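I have placed the structure first, in the form of C-alpha cells, so that the comments after it can refer back to it.
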Amino acid sequence: MLLPADREIRLGIWKIHILHHAEAREVWGTWLLEELAEHGHALSPGTLYPALTRMERNGWLRRTGAAPHARARQAFRITPAGKRLLKDLRREVAVLYQEVVLGEVKANKRGRS
Ligand SMILES: [Zn+2]
C-alpha cells in the first residue's frame, strides 16, 4: 500500500512510463494497470485515471475515439507535444540514471557532488 508521499514522487515515473508506451501504441487503463504491475507498480484505477486525464489536459495525450476493443473506450496515443516532452525526459532520465544509479559524477560540477 502506497503512502500519499510515495505516490507523489512516483507519479512522475509512472507518467514517463505511460508516455513511452503511448508513443509506441494505443494504450488504455486496464492495459496500463497490467503493464505497470509487471514492473512492480501496483497502481489503483483511482490513481491512474485522474493521471491520464491530467496528461490529456496538459496536451501530452489524446483520446483515439473509435477503438477496436470494448475495454479500450478510453484509449490514448501520444501527441506531438507529448513526443517533444518525452524526448527531453529520456535525456533527463539518462542523466539521472548515470548519477543516481551508476554513481557517475560530471566533471562540470566544480568538485561538488
Ligand atoms: Zn512498460
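Convention: chains lettered A, B, ... in C-alpha cells order; per-chain residue numbering from 1; ligands numbered from 1 as shown.
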* Please extract the residues at most 8 Å from ligand 1, counting only C-alpha atoms and all ligand atoms, and provide them as a PyMOL selection string, using the chain letters and residue numbers of this document. => chain A and resi 17-18+20-21+35-36+38-39
Now that the selection is made, can you save its residues with N, CA, C and O atoms as a PDB file, in the first residue's frame?
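Wrote it out as result.pdb, contents follow:
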```
ATOM      1  N   HIS A  17       6.573   6.522 -17.989  1.00  0.00           N
ATOM      2  CA  HIS A  17       6.299   5.173 -18.483  1.00  0.00           C
ATOM      3  C   HIS A  17       5.082   5.174 -19.423  1.00  0.00           C
ATOM      4  O   HIS A  17       5.100   4.551 -20.486  1.00  0.00           O
ATOM      5  N   ILE A  18       4.041   5.889 -19.034  1.00  0.00           N
ATOM      6  CA  ILE A  18       2.823   5.966 -19.854  1.00  0.00           C
ATOM      7  C   ILE A  18       3.126   6.639 -21.191  1.00  0.00           C
ATOM      8  O   ILE A  18       2.714   6.161 -22.248  1.00  0.00           O
ATOM      9  N   HIS A  20       5.942   6.767 -22.748  1.00  0.00           N
ATOM     10  CA  HIS A  20       6.759   5.835 -23.518  1.00  0.00           C
ATOM     11  C   HIS A  20       5.885   4.839 -24.278  1.00  0.00           C
ATOM     12  O   HIS A  20       6.063   4.620 -25.482  1.00  0.00           O
ATOM     13  N   HIS A  21       4.909   4.246 -23.593  1.00  0.00           N
ATOM     14  CA  HIS A  21       4.065   3.252 -24.257  1.00  0.00           C
ATOM     15  C   HIS A  21       3.074   3.900 -25.213  1.00  0.00           C
ATOM     16  O   HIS A  21       2.768   3.330 -26.262  1.00  0.00           O
ATOM     17  N   GLU A  35       0.468  -3.461 -17.254  1.00  0.00           N
ATOM     18  CA  GLU A  35       1.851  -3.181 -17.657  1.00  0.00           C
ATOM     19  C   GLU A  35       2.657  -2.631 -16.468  1.00  0.00           C
ATOM     20  O   GLU A  35       3.761  -3.091 -16.181  1.00  0.00           O
ATOM     21  N   LEU A  36       2.106  -1.674 -15.766  1.00  0.00           N
ATOM     22  CA  LEU A  36       2.806  -1.091 -14.618  1.00  0.00           C
ATOM     23  C   LEU A  36       2.937  -2.106 -13.482  1.00  0.00           C
ATOM     24  O   LEU A  36       3.961  -2.136 -12.794  1.00  0.00           O
ATOM     25  N   GLU A  38       3.393  -5.259 -13.850  1.00  0.00           N
ATOM     26  CA  GLU A  38       4.503  -6.144 -14.215  1.00  0.00           C
ATOM     27  C   GLU A  38       5.844  -5.564 -13.791  1.00  0.00           C
ATOM     28  O   GLU A  38       6.804  -6.290 -13.583  1.00  0.00           O
ATOM     29  N   HIS A  39       5.913  -4.237 -13.721  1.00  0.00           N
ATOM     30  CA  HIS A  39       7.135  -3.570 -13.278  1.00  0.00           C
ATOM     31  C   HIS A  39       7.129  -3.343 -11.761  1.00  0.00           C
ATOM     32  O   HIS A  39       7.976  -2.618 -11.250  1.00  0.00           O
TER      33      HIS A  39
END
```
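All residues of protein, DNA or RNA that reach within 8 Å of stretch 77-84 of chain A, judged by only C-alpha atoms and not counting those fewer than 5 positions away in the chain, are A:Leu19, A:Ala22, A:Glu23, A:Arg25, A:Glu26, A:Val27, A:Gly59, A:Trp60, A:Leu61, A:Arg62, A:Arg63, A:Thr64.
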Next, dump the selected residues to file, keeping only N, CA, C and O atoms, as a PDB file, in the first residue's frame.
```
ATOM      1  N   LEU A  19       3.866   7.749 -21.170  1.00  0.00           N
ATOM      2  CA  LEU A  19       4.222   8.434 -22.416  1.00  0.00           C
ATOM      3  C   LEU A  19       5.011   7.502 -23.332  1.00  0.00           C
ATOM      4  O   LEU A  19       4.785   7.471 -24.547  1.00  0.00           O
ATOM      5  N   ALA A  22       2.588   5.097 -24.866  1.00  0.00           N
ATOM      6  CA  ALA A  22       1.614   5.776 -25.730  1.00  0.00           C
ATOM      7  C   ALA A  22       2.266   6.275 -27.016  1.00  0.00           C
ATOM      8  O   ALA A  22       1.574   6.590 -27.985  1.00  0.00           O
ATOM      9  N   GLU A  23       3.594   6.333 -27.032  1.00  0.00           N
ATOM     10  CA  GLU A  23       4.289   6.683 -28.270  1.00  0.00           C
ATOM     11  C   GLU A  23       4.325   5.474 -29.212  1.00  0.00           C
ATOM     12  O   GLU A  23       4.215   5.613 -30.426  1.00  0.00           O
ATOM     13  N   ARG A  25       2.213   2.714 -29.091  1.00  0.00           N
ATOM     14  CA  ARG A  25       0.948   2.040 -29.379  1.00  0.00           C
ATOM     15  C   ARG A  25      -0.201   2.772 -28.690  1.00  0.00           C
ATOM     16  O   ARG A  25       0.011   3.676 -27.897  1.00  0.00           O
ATOM     17  N   GLU A  26      -1.402   2.325 -29.012  1.00  0.00           N
ATOM     18  CA  GLU A  26      -2.583   2.817 -28.313  1.00  0.00           C
ATOM     19  C   GLU A  26      -2.600   2.189 -26.912  1.00  0.00           C
ATOM     20  O   GLU A  26      -2.336   0.996 -26.779  1.00  0.00           O
ATOM     21  N   VAL A  27      -2.870   2.984 -25.901  1.00  0.00           N
ATOM     22  CA  VAL A  27      -2.911   2.454 -24.534  1.00  0.00           C
ATOM     23  C   VAL A  27      -4.250   2.804 -23.893  1.00  0.00           C
ATOM     24  O   VAL A  27      -4.906   3.758 -24.294  1.00  0.00           O
ATOM     25  N   GLY A  59      -2.050  18.254 -22.723  1.00  0.00           N
ATOM     26  CA  GLY A  59      -1.743  18.193 -24.150  1.00  0.00           C
ATOM     27  C   GLY A  59      -0.715  17.148 -24.531  1.00  0.00           C
ATOM     28  O   GLY A  59      -0.195  17.168 -25.638  1.00  0.00           O
ATOM     29  N   TRP A  60      -0.445  16.186 -23.639  1.00  0.00           N
ATOM     30  CA  TRP A  60       0.550  15.147 -23.922  1.00  0.00           C
ATOM     31  C   TRP A  60      -0.080  13.890 -24.506  1.00  0.00           C
ATOM     32  O   TRP A  60       0.587  13.111 -25.160  1.00  0.00           O
ATOM     33  N   LEU A  61      -1.366  13.679 -24.200  1.00  0.00           N
ATOM     34  CA  LEU A  61      -2.101  12.516 -24.705  1.00  0.00           C
ATOM     35  C   LEU A  61      -3.375  13.002 -25.366  1.00  0.00           C
ATOM     36  O   LEU A  61      -3.913  14.049 -25.004  1.00  0.00           O
ATOM     37  N   ARG A  62      -3.854  12.213 -26.341  1.00  0.00           N
ATOM     38  CA  ARG A  62      -5.168  12.498 -26.922  1.00  0.00           C
ATOM     39  C   ARG A  62      -5.959  11.198 -26.966  1.00  0.00           C
ATOM     40  O   ARG A  62      -5.393  10.111 -27.132  1.00  0.00           O
ATOM     41  N   ARG A  63      -7.265  11.311 -26.809  1.00  0.00           N
ATOM     42  CA  ARG A  63      -8.131  10.145 -26.921  1.00  0.00           C
ATOM     43  C   ARG A  63      -8.239   9.752 -28.380  1.00  0.00           C
ATOM     44  O   ARG A  63      -8.303  10.620 -29.257  1.00  0.00           O
ATOM     45  N   THR A  64      -8.234   8.448 -28.646  1.00  0.00           N
ATOM     46  CA  THR A  64      -8.233   7.999 -30.035  1.00  0.00           C
ATOM     47  C   THR A  64      -9.625   7.748 -30.582  1.00  0.00           C
ATOM     48  O   THR A  64      -9.776   7.475 -31.755  1.00  0.00           O
TER      49      THR A  64
END
```
* Run DSSP on the backbone and grab whatever in stretch 16-110 of chain A lands in strand (DSSP E); send it over as a ChimeraX atom specification. => /A:61-63,76-78
With N, CA and C atoms kept, could you save the residues just selected as a short mmCIF file (atom, residue, chain, number, x, y, z; two decimals), in the first residue's frame?
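Below you can see selection-v2.cif, which holds the result:
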```cif
data_model
loop_
_atom_site.label_atom_id
_atom_site.label_comp_id
_atom_site.auth_asym_id
_atom_site.auth_seq_id
_atom_site.Cartn_x
_atom_site.Cartn_y
_atom_site.Cartn_z
N LEU A 61 -1.37 13.68 -24.20
CA LEU A 61 -2.10 12.52 -24.70
C LEU A 61 -3.38 13.00 -25.37
N ARG A 62 -3.85 12.21 -26.34
CA ARG A 62 -5.17 12.50 -26.92
C ARG A 62 -5.96 11.20 -26.97
N ARG A 63 -7.26 11.31 -26.81
CA ARG A 63 -8.13 10.14 -26.92
C ARG A 63 -8.24 9.75 -28.38
N PHE A 76 -5.73 6.01 -25.56
CA PHE A 76 -4.94 7.23 -25.76
C PHE A 76 -3.73 6.94 -26.65
N ARG A 77 -3.29 7.98 -27.37
CA ARG A 77 -1.99 7.99 -28.04
C ARG A 77 -1.27 9.27 -27.63
N ILE A 78 0.02 9.27 -27.86
CA ILE A 78 0.81 10.45 -27.54
C ILE A 78 0.52 11.55 -28.57
#
```
* To do: Skip A:Trp14 itself and residues of its chain fewer than 5 positions away, then list as JSON, numbers by chain all residues within 10 Å of it, counting only C-alpha atoms.
  => {"A": [7, 9, 19, 20, 32, 36, 41, 43, 48, 51]}
Go through chain A and collect every residue that DSSP, computed from the backbone, puts in helix (DSSP H, G or I); the answer should be as a compact mmCIF listing (two decimals) with C-alpha atoms, in the first residue's frame.
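Output below, filename result-v8.txt:
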```
# COMPACT_ATOMS: atom_id res chain seq x y z
CA PRO A 4 0.44 9.57 -0.40
CA ALA A 5 4.08 10.75 -0.27
CA ASP A 6 5.20 7.61 -2.15
CA ARG A 7 2.54 8.22 -4.76
CA GLU A 8 3.58 11.85 -5.16
CA ILE A 9 7.18 11.06 -6.05
CA ARG A 10 6.36 8.03 -8.21
CA LEU A 11 3.65 9.78 -10.21
CA GLY A 12 6.27 11.35 -12.47
CA ILE A 13 7.92 7.99 -13.09
CA TRP A 14 4.57 6.43 -13.98
CA LYS A 15 3.78 9.29 -16.37
CA ILE A 16 7.11 8.87 -18.17
CA HIS A 17 6.30 5.17 -18.48
CA ILE A 18 2.82 5.97 -19.85
CA LEU A 19 4.22 8.43 -22.42
CA HIS A 20 6.76 5.84 -23.52
CA HIS A 21 4.06 3.25 -24.26
CA ALA A 22 1.61 5.78 -25.73
CA GLU A 23 4.29 6.68 -28.27
CA ALA A 24 4.63 3.07 -29.40
CA GLY A 29 -6.47 1.97 -18.44
CA THR A 30 -6.58 -1.78 -17.88
CA TRP A 31 -3.63 -2.38 -20.22
CA LEU A 32 -1.56 0.24 -18.39
CA LEU A 33 -2.53 -1.12 -14.96
CA GLU A 34 -1.28 -4.58 -16.01
CA GLU A 35 1.85 -3.18 -17.66
CA LEU A 36 2.81 -1.09 -14.62
CA ALA A 37 2.00 -4.01 -12.27
CA GLU A 38 4.50 -6.14 -14.22
CA PRO A 45 -7.58 2.86 -11.08
CA GLY A 46 -8.26 5.83 -8.78
CA THR A 47 -4.66 6.92 -9.28
CA LEU A 48 -4.25 6.03 -12.96
CA TYR A 49 -7.41 7.50 -14.47
CA PRO A 50 -7.03 11.00 -12.99
CA ALA A 51 -3.37 10.94 -14.09
CA LEU A 52 -4.43 10.10 -17.68
CA THR A 53 -6.99 12.90 -17.60
CA ARG A 54 -4.37 15.39 -16.41
CA MET A 55 -1.93 14.21 -19.09
CA GLU A 56 -4.64 14.74 -21.71
CA ARG A 57 -5.42 18.20 -20.31
CA ALA A 70 -14.68 -2.64 -25.77
CA ARG A 71 -12.18 -2.17 -22.92
CA ALA A 72 -10.34 0.50 -24.88
CA PRO A 80 3.34 15.87 -30.85
CA ALA A 81 3.77 17.91 -27.63
CA GLY A 82 3.95 14.67 -25.66
CA LYS A 83 6.63 13.37 -28.05
CA ARG A 84 8.72 16.50 -27.57
CA LEU A 85 8.36 16.21 -23.80
CA LEU A 86 9.27 12.50 -23.87
CA LYS A 87 12.38 13.25 -25.92
CA ASP A 88 13.57 15.70 -23.25
CA LEU A 89 12.59 13.33 -20.43
CA ARG A 90 14.58 10.48 -21.98
CA ARG A 91 17.70 12.62 -21.85
CA GLU A 92 16.96 13.70 -18.27
CA VAL A 93 16.30 10.13 -17.14
CA ALA A 94 19.59 9.02 -18.73
CA VAL A 95 21.50 11.72 -16.84
CA LEU A 96 19.66 10.89 -13.62
CA TYR A 97 20.43 7.19 -14.09
CA GLN A 98 24.11 7.92 -14.65
CA GLU A 99 24.35 9.94 -11.48
CA VAL A 100 21.90 8.28 -9.09
CA VAL A 101 22.26 4.64 -10.14
CA ALA A 107 33.33 16.95 -14.43
CA ASN A 108 31.48 20.27 -14.81
CA LYS A 109 30.17 20.26 -11.24
```
